[in-house]
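As structure tokens, the structure follows; a few thoughts come after it.
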Amino acid sequence: MSNGMRVDLSELDEVIRKLWRLLDDMDKAGTTSRYDTAIPEHAFGQTGGEVVFQEAKNLHAASTEMKTKIEDIIKTLHELIDDFSTKTSKVRDRYNNEEAEVKKSVGGDSGGSTKGQLATRS
């Protein structure tokens, strides 16, 4: 029996759509961090020849290490958002199925939500 609470499935749909947009943005950030942030070693100074900037190799190594950490952070955030999105979709589906069962048990499709469609990725 219902405890009187009502779930607005359209709001859950909106949350799911927003999470999908966020995932798309995270994909772009991941691509940028992976391919558009590499700095060549020579950009930090000369590493050979007559004049050598001794710290160039250390700066390049630190830059590469930070790039890797940023990629890992973005990957972890992406996984977290994807997991939350998947779980939110499952919750939405359960509420939708329960609503359909309640309608069926009380004699058809009269009353209740007219939102029977699942969220679609935009």
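We name chains A, B, ... following the order of the structure tokens; residues begin at 1 in each chain, and ligands are numbered from 1 as shown.
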Can you list, as an mmCIF file with N, CA, C and O atoms, in the first residue's frame, every protein, DNA or RNA residue that comes within 9 Å of Thr64 (chain A) when you count only C-alpha atoms, leaving out same-chain residues fewer than 5 positions away?
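Once everything was written out, this is result27.cif:
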data_model
loop_
_atom_site.group_PDB
_atom_site.id
_atom_site.type_symbol
_atom_site.label_atom_id
_atom_site.label_comp_id
_atom_site.auth_asym_id
_atom_site.auth_seq_id
_atom_site.Cartn_x
_atom_site.Cartn_y
_atom_site.Cartn_z
ATOM 1 N N ALA A 38 49.914 18.327 -23.292
ATOM 2 C CA ALA A 38 51.294 17.834 -23.309
ATOM 3 C C ALA A 38 52.239 18.990 -23.645
ATOM 4 O O ALA A 38 52.010 19.749 -24.584
ATOM 5 N N ILE A 39 53.270 19.132 -22.834
ATOM 6 C CA ILE A 39 54.260 20.190 -23.049
ATOM 7 C C ILE A 39 55.586 19.517 -23.375
ATOM 8 O O ILE A 39 56.069 18.696 -22.584
ATOM 9 N N LEU A 59 61.398 20.114 -14.467
ATOM 10 C CA LEU A 59 60.138 20.806 -14.739
ATOM 11 C C LEU A 59 59.253 19.978 -15.671
ATOM 12 O O LEU A 59 58.038 19.877 -15.463
ATOM 13 N N LYS A 69 48.028 13.110 -13.136
ATOM 14 C CA LYS A 69 47.112 13.235 -11.993
ATOM 15 C C LYS A 69 45.784 13.855 -12.423
ATOM 16 O O LYS A 69 44.715 13.409 -11.999
#
- DSSP-assigned alpha helix (DSSP H) members of chain A, reported as a ChimeraX atom specification: /A:9-35,56-105
Can you tell me which residues surround region 75-81 of chain A at a distance of at most 10 Å, considering only C-alpha atoms, apart from same-chain residues fewer than 5 positions away, and format the answer as a PDB file with C-alpha atoms, in the first residue's frame?
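The resulting file, result.pdb, is shown below:
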ATOM      1  CA  LEU A  19      23.933  13.839 -15.726  1.00  0.00           C
ATOM      2  CA  TRP A  20      24.290  12.724 -19.344  1.00  0.00           C
ATOM      3  CA  LEU A  22      27.746  16.375 -17.547  1.00  0.00           C
ATOM      4  CA  LEU A  23      29.205  13.075 -18.748  1.00  0.00           C
ATOM      5  CA  ASP A  24      29.580  14.544 -22.237  1.00  0.00           C
ATOM      6  CA  ASP A  25      31.402  17.527 -20.744  1.00  0.00           C
ATOM      7  CA  MET A  26      33.639  15.201 -18.742  1.00  0.00           C
ATOM      8  CA  ASP A  27      34.462  13.307 -21.936  1.00  0.00           C
ATOM      9  CA  ALA A  29      37.640  17.486 -20.456  1.00  0.00           C
ATOM     10  CA  GLY A  30      39.243  14.049 -20.525  1.00  0.00           C
ATOM     11  CA  LYS A  69      47.112  13.235 -11.993  1.00  0.00           C
ATOM     12  CA  ILE A  70      44.615  15.525 -13.754  1.00  0.00           C
ATOM     13  CA  THR A  86      23.036   4.538 -13.985  1.00  0.00           C
ATOM     14  CA  LYS A  87      21.634   4.210 -10.471  1.00  0.00           C
TER      15      LYS A  87
END
Shell around His60 (chain A) at 10 Å using only C-alpha atoms, local window under 4 positions removed, as an mmCIF file with N, CA and C atoms, in the first residue's frame:
data_model
loop_
_atom_site.group_PDB
_atom_site.id
_atom_site.type_symbol
_atom_site.label_atom_id
_atom_site.label_comp_id
_atom_site.auth_asym_id
_atom_site.auth_seq_id
_atom_site.Cartn_x
_atom_site.Cartn_y
_atom_site.Cartn_z
ATOM 1 N N ALA A 38 49.914 18.327 -23.292
ATOM 2 C CA ALA A 38 51.294 17.834 -23.309
ATOM 3 C C ALA A 38 52.239 18.990 -23.645
ATOM 4 N N ILE A 39 53.270 19.132 -22.834
ATOM 5 C CA ILE A 39 54.260 20.190 -23.049
ATOM 6 C C ILE A 39 55.586 19.517 -23.375
ATOM 7 N N PRO A 40 56.174 19.837 -24.510
ATOM 8 C CA PRO A 40 57.457 19.211 -24.858
ATOM 9 C C PRO A 40 58.570 19.659 -23.899
ATOM 10 N N GLU A 41 59.510 18.791 -23.696
ATOM 11 C CA GLU A 41 60.603 19.068 -22.750
ATOM 12 C C GLU A 41 61.356 20.347 -23.096
ATOM 13 N N HIS A 42 61.593 20.602 -24.371
ATOM 14 C CA HIS A 42 62.363 21.780 -24.772
ATOM 15 C C HIS A 42 61.654 23.096 -24.435
ATOM 16 N N ALA A 43 60.346 23.041 -24.165
ATOM 17 C CA ALA A 43 59.622 24.260 -23.808
ATOM 18 C C ALA A 43 60.073 24.811 -22.451
ATOM 19 N N PHE A 44 60.675 23.964 -21.639
ATOM 20 C CA PHE A 44 61.140 24.390 -20.309
ATOM 21 C C PHE A 44 62.577 24.914 -20.330
ATOM 22 N N GLY A 45 63.228 24.844 -21.463
ATOM 23 C CA GLY A 45 64.598 25.339 -21.588
ATOM 24 C C GLY A 45 65.453 24.316 -22.304
ATOM 25 N N GLU A 55 67.329 22.569 -14.807
ATOM 26 C CA GLU A 55 66.020 22.252 -14.223
ATOM 27 C C GLU A 55 64.964 21.872 -15.264
ATOM 28 N N ALA A 56 65.294 21.996 -16.551
ATOM 29 C CA ALA A 56 64.308 21.713 -17.603
ATOM 30 C C ALA A 56 63.746 20.304 -17.489
ATOM 31 N N THR A 64 54.583 16.468 -16.495
ATOM 32 C CA THR A 64 54.042 15.179 -16.932
ATOM 33 C C THR A 64 53.319 14.480 -15.783
ATOM 34 N N GLU A 65 53.885 14.550 -14.596
ATOM 35 C CA GLU A 65 53.247 13.939 -13.419
ATOM 36 C C GLU A 65 51.897 14.617 -13.117
ATOM 37 N N MET A 66 51.875 15.940 -13.183
ATOM 38 C CA MET A 66 50.631 16.666 -12.920
ATOM 39 C C MET A 66 49.585 16.360 -13.988
#
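When CA of Asn97 (chain A) is paired with CA of Val15 (chain A), their separation reads 18.4 Å.
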- Item | Between CA of Ser33 (chain A) and CA of Thr47 (chain A) - distance in Å to one decimal | 25.2 Å
- Item | Selected residue of minimal separation from Tyr35 (chain A) among A:Glu71, A:Asp13, A:Glu50, A:Asp93, counting only C-alpha atoms |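 Closest to Tyr35 (chain A), using only C-alpha atoms: A:Glu71.
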- Query: Expressed in Å to a single decimal, how great is the separation between CA of Ala100 (chain A) and CA of Arg21 (chain A)?
  - Reply: 28.4 Å
- Query: Of the candidates A:Val52, A:Ser89, A:Asp36, A:Phe84, which shows the shortest atom-to-atom distance to Lys67 (chain A), using only C-alpha atoms?
  - Reply: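 Smallest distance to Lys67 (chain A) is found for A:Asp36.
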